[in-house]
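**Student:** Let me begin by handing over the structure; questions about it come next.
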Amino acid sequence: MSQTPKLRAELDGIPTYKPGKPAAADGPVAFKLSSNENPYPPLPGVMEQAIAAAGTFNRYPDMACTALMAELADRFGVPVSHIATGTGSVGVAQSLIQSTSGPGDEVIFAWRSFEAYPIITQISGATSVKVPLTEGDVHDLDAMLAAITDRTRLIFVCNPNNPTGTVVRRAELERFLDQVPSDVLVVLDEAYREFIRDAEVPDGIELYRDRPNVCVLRTFSKAYGLAGLRVGFAVAHEPVAAALRKTAVPFGVSQLAQDAAVASLRAEDELLGRVGSLVGERQRVLETLRSQGWTVPETQANFVWLRLGERTVDFAAACEKAGVVVRPFPGEGVRVTIGEVEANDLFLHAAEAFRKEL
Ligand SMILES: *Cc1c(COP(=O)(O)O)cnc(C)c1O
């Protein structure tokens, strides 16, 4: 009898990561508001750097990401030895789990939160401990504290939370960090940091400084508009940062990505100007939805969350018909990225029409 290769039992039942649906190629207009991408094309200077780097892709990239690490260390005022880069911040998150957790260990995170957390946890053989969000779709930090056991190795705090856009503020987060045992790593996933306008939301990089068990995750995929290049990074003390450099995929960050990331940091004023426009659109979308009668949680990210329950799939279909692809979580709700003005308008019209039919 022929048999199939033996695969690890931990892989059974892993949901495959669902990327945001692409915009339909054949429709009249179609905007992709399903993956929280930046709608603006790359900045001219960034593009030139990337094109120049493309001329060397017969060579391996700089494995140590020297120039990017130096730029980041300077930008955030942290030692180079506290930085680790990776293939997107999801790549770094996977290294964090691999560095801390295996079979028998527990990884705590809020739910619903970022879809990648349960997947990368299960791949490692560790157990996901999902702590429900509060009624208001916010992290329940007290319940997360109560979920800690001697098997807990890592806790994700997604701030702002994907897909709800809600935040945890300084006082509650500091109180939480003060109570987490010092041998449990807390990962502050700040993929949407640049979109935050609430002054009470702390900058993770300030919180990590005197806390050796805190690690901050950032990405170039969202505000910086480099989602397709796969580059993200962590800021953490030794020995966490060193462990991340050990477990990273060798040569994972291409030279194109490294050079484009450096150029993006140098073009930060212009990039953050674009982020400012998106934040303005976020406010407009939020206020318009509320004036239509929707209940929408306050969001500090580049998306809004509509808790539609059983009507989720129908709503997503109605949006698609109207020319915008959104991200449904069947039975729960819909996450809609803030895009270009025209896309946001199409979405708002679809939401208004759907509302009137309820
Ligand atoms: C988009 C996102 C990321 C970033 O993913 P990359 O791998 O850097 O593209 C990380 N965390 C959260 C919560 C996100 O929404």
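Residue names in the structure tokens use chain letters A, B, ... in the order shown, residue numbers from 1 in each chain, and ligand numbers from 1 in the order shown.
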Could you give me the residues within 7 Å of ligand 1, counting only C-alpha atoms and all ligand atoms, as a list in words?

**Tutor:** Asn36, Thr87, Gly88, Ser89, Val90, Gly91, Phe114, Cys158, Asn161, Asn162, Asp189, Glu190, Ala191, Thr219, Phe220, Ser221, Lys222, Ala227, Arg230, Val231 and Gly232 of chain A

**Student:** Could you give me, as a PyMOL selection string, each residue of segment 128-285 of chain A that DSSP assigns to strand (DSSP E) when run on this structure's backbone?

**Tutor:** chain A and resi 128-132+152-158+185-189+214-219+232-236

**Student:** Quick one: residues within 9 Å of Tyr60 of chain A, only C-alpha atoms, excluding same-chain residues fewer than 3 positions away - as a PDB file with all heavy atoms, in the first residue's frame?

**Tutor:**
```
ATOM      1  N   THR A  56      19.889  44.592  -9.455  1.00  0.00           N
ATOM      2  CA  THR A  56      20.863  43.716  -8.797  1.00  0.00           C
ATOM      3  C   THR A  56      20.220  42.416  -8.308  1.00  0.00           C
ATOM      4  O   THR A  56      20.761  41.742  -7.440  1.00  0.00           O
ATOM      5  CB  THR A  56      21.502  44.409  -7.570  1.00  0.00           C
ATOM      6  OG1 THR A  56      20.474  44.582  -6.567  1.00  0.00           O
ATOM      7  CG2 THR A  56      22.103  45.752  -7.925  1.00  0.00           C
ATOM      8  N   PHE A  57      19.083  42.061  -8.867  1.00  0.00           N
ATOM      9  CA  PHE A  57      18.438  40.902  -8.244  1.00  0.00           C
ATOM     10  C   PHE A  57      18.994  39.551  -8.667  1.00  0.00           C
ATOM     11  O   PHE A  57      18.455  38.512  -8.307  1.00  0.00           O
ATOM     12  CB  PHE A  57      16.909  40.995  -8.190  1.00  0.00           C
ATOM     13  CG  PHE A  57      16.118  41.035  -9.443  1.00  0.00           C
ATOM     14  CD1 PHE A  57      16.426  40.242 -10.528  1.00  0.00           C
ATOM     15  CD2 PHE A  57      14.973  41.852  -9.511  1.00  0.00           C
ATOM     16  CE1 PHE A  57      15.652  40.267 -11.665  1.00  0.00           C
ATOM     17  CE2 PHE A  57      14.190  41.882 -10.642  1.00  0.00           C
ATOM     18  CZ  PHE A  57      14.538  41.091 -11.734  1.00  0.00           C
ATOM     19  N   MET A  63      21.843  40.349   3.949  1.00  0.00           N
ATOM     20  CA  MET A  63      21.105  39.528   4.899  1.00  0.00           C
ATOM     21  C   MET A  63      20.851  40.255   6.216  1.00  0.00           C
ATOM     22  O   MET A  63      19.825  40.058   6.863  1.00  0.00           O
ATOM     23  CB  MET A  63      21.853  38.219   5.162  1.00  0.00           C
ATOM     24  CG  MET A  63      21.099  37.306   6.105  1.00  0.00           C
ATOM     25  SD  MET A  63      21.627  35.611   5.901  1.00  0.00           S
ATOM     26  CE  MET A  63      21.269  34.975   7.527  1.00  0.00           C
ATOM     27  N   PHE A 251      17.796  35.726   4.196  1.00  0.00           N
ATOM     28  CA  PHE A 251      17.637  36.570   3.002  1.00  0.00           C
ATOM     29  C   PHE A 251      16.171  36.833   2.666  1.00  0.00           C
ATOM     30  O   PHE A 251      15.812  37.026   1.511  1.00  0.00           O
ATOM     31  CB  PHE A 251      18.338  35.932   1.783  1.00  0.00           C
ATOM     32  CG  PHE A 251      19.793  35.681   1.982  1.00  0.00           C
ATOM     33  CD1 PHE A 251      20.279  34.378   2.156  1.00  0.00           C
ATOM     34  CD2 PHE A 251      20.701  36.730   2.003  1.00  0.00           C
ATOM     35  CE1 PHE A 251      21.632  34.139   2.343  1.00  0.00           C
ATOM     36  CE2 PHE A 251      22.061  36.504   2.191  1.00  0.00           C
ATOM     37  CZ  PHE A 251      22.533  35.205   2.361  1.00  0.00           C
ATOM     38  N   SER A 254      13.950  41.228   0.537  1.00  0.00           N
ATOM     39  CA  SER A 254      14.676  41.493  -0.713  1.00  0.00           C
ATOM     40  C   SER A 254      15.377  42.847  -0.667  1.00  0.00           C
ATOM     41  O   SER A 254      15.011  43.731   0.133  1.00  0.00           O
ATOM     42  CB  SER A 254      13.706  41.467  -1.893  1.00  0.00           C
ATOM     43  OG  SER A 254      12.875  42.609  -1.839  1.00  0.00           O
ATOM     44  N   GLN A 255      16.363  43.011  -1.531  1.00  0.00           N
ATOM     45  CA  GLN A 255      17.061  44.308  -1.591  1.00  0.00           C
ATOM     46  C   GLN A 255      16.098  45.401  -2.024  1.00  0.00           C
ATOM     47  O   GLN A 255      16.169  46.532  -1.550  1.00  0.00           O
ATOM     48  CB  GLN A 255      18.251  44.215  -2.563  1.00  0.00           C
ATOM     49  CG  GLN A 255      19.296  45.287  -2.315  1.00  0.00           C
ATOM     50  CD  GLN A 255      19.877  45.186  -0.891  1.00  0.00           C
ATOM     51  OE1 GLN A 255      20.273  44.121  -0.454  1.00  0.00           O
ATOM     52  NE2 GLN A 255      19.888  46.295  -0.170  1.00  0.00           N
TER      53      GLN A 255
END
```

**Student:** Record the distance separating atom CA of Glu106 of chain A and atom CA of Leu154 of chain A, expressed in Å with one decimal.

**Tutor:** 7.2 Å

**Student:** I'd like to know which residues of segment 75-113 of chain A are alpha helix (DSSP H) (by DSSP, run on the backbone); could you write them as a PyMOL selection string?

**Tutor:** chain A and resi 75-76+88-100

**Student:** Filtering to C-alpha atoms, could you give me those residues as an mmCIF file, in the first residue's frame?

**Tutor:**
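The new file out_16.cif reads:
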```cif
data_model
loop_
_atom_site.group_PDB
_atom_site.id
_atom_site.type_symbol
_atom_site.label_atom_id
_atom_site.label_comp_id
_atom_site.auth_asym_id
_atom_site.auth_seq_id
_atom_site.Cartn_x
_atom_site.Cartn_y
_atom_site.Cartn_z
ATOM 1 C CA ARG A 75 14.425 57.169 13.378
ATOM 2 C CA PHE A 76 13.186 55.602 16.630
ATOM 3 C CA GLY A 88 6.288 41.645 6.637
ATOM 4 C CA SER A 89 5.374 41.966 10.278
ATOM 5 C CA VAL A 90 3.530 38.671 9.929
ATOM 6 C CA GLY A 91 6.885 37.084 9.153
ATOM 7 C CA VAL A 92 8.314 38.661 12.303
ATOM 8 C CA ALA A 93 5.274 37.554 14.333
ATOM 9 C CA GLN A 94 5.827 34.001 13.169
ATOM 10 C CA SER A 95 9.469 34.208 14.277
ATOM 11 C CA LEU A 96 8.299 35.524 17.655
ATOM 12 C CA ILE A 97 6.092 32.477 18.143
ATOM 13 C CA GLN A 98 8.797 30.147 16.905
ATOM 14 C CA SER A 99 11.213 31.761 19.346
ATOM 15 C CA THR A 100 8.925 31.405 22.356
#
```

**Student:** Excluding same-chain residues fewer than 6 positions from segment 237-244 of chain A, what lies within 6 Å of it counting only C-alpha atoms, as a ChimeraX atom specification?

**Tutor:** /A:82,84,95,212

**Student:** Considering only C-alpha atoms, return as a list in words whatever protein or nucleic-acid residues lie within 12 Å of Glu352 of chain A, sequence-local ones (same chain, fewer than 5 positions apart) excluded.

**Tutor:**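 Answer for this query is Val285, Thr288, Leu289, Arg290, Ser291, Gln292, Gly293, Trp294, Phe315, Ala318, Cys319, Ala322, Asp345, Leu346, Phe347, Glu357 and Leu358 of chain A.
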
**Student:** Have a look at atom CA of Leu68 of chain A and atom CA of Thr85 of chain A and let me know their distance in Å, one decimal.

**Tutor:**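 Interatomic distance here is 8.7 Å.
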
**Student:** Of the residues A:Thr312, A:Gly165, A:Ser128, A:Ala110, which is the one nearest to Asp140 of chain A, using only C-alpha atoms?

**Tutor:**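 Result for the nearest residue to Asp140 of chain A: A:Ala110.
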
**Student:** Please provide the set of residues having any atom within 12 Å of Gly45 of chain A, restricted to only C-alpha atoms, with same-chain residues fewer than 5 positions apart removed, written as number ranges by chain.

**Tutor:** A: 50-52, 259-268, 270-271

**Student:** Write out as a count of residues only the residues lying within 8 Å of Arg307 of chain A, counting only C-alpha atoms and excluding same-chain residues fewer than 5 positions away.

**Tutor:** 6

**Student:** My list of candidates is A:Leu207, A:Leu256, A:Ala70, A:Val313. Which is closest to Asn58 of chain A when distances are computed with only C-alpha atoms?

**Tutor:**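 Going through A:Leu207, A:Leu256, A:Ala70, A:Val313 one by one, the smallest distance to Asn58 of chain A is for A:Leu256.
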
**Student:** Give the answer as one residue: which of A:Val167, A:Leu272, A:Ala234, A:Leu188 has the shortest atom-to-atom distance to Leu43 of chain A, using only C-alpha atoms?

**Tutor:** A:Leu272

**Student:** Ranking A:Val186, A:Arg8, A:Glu115, A:Met144 by minimum distance to Gly20 of chain A and counting only C-alpha atoms, which one comes first?

**Tutor:** A:Glu115

**Student:** In terms of the shortest atom-to-atom distance over only C-alpha atoms, which of A:Ser35, A:Ala317, A:Val80, A:Val216 is closest to Ala67 of chain A?

**Tutor:**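 For Ala67 of chain A, the nearest of the given residues is A:Val80.
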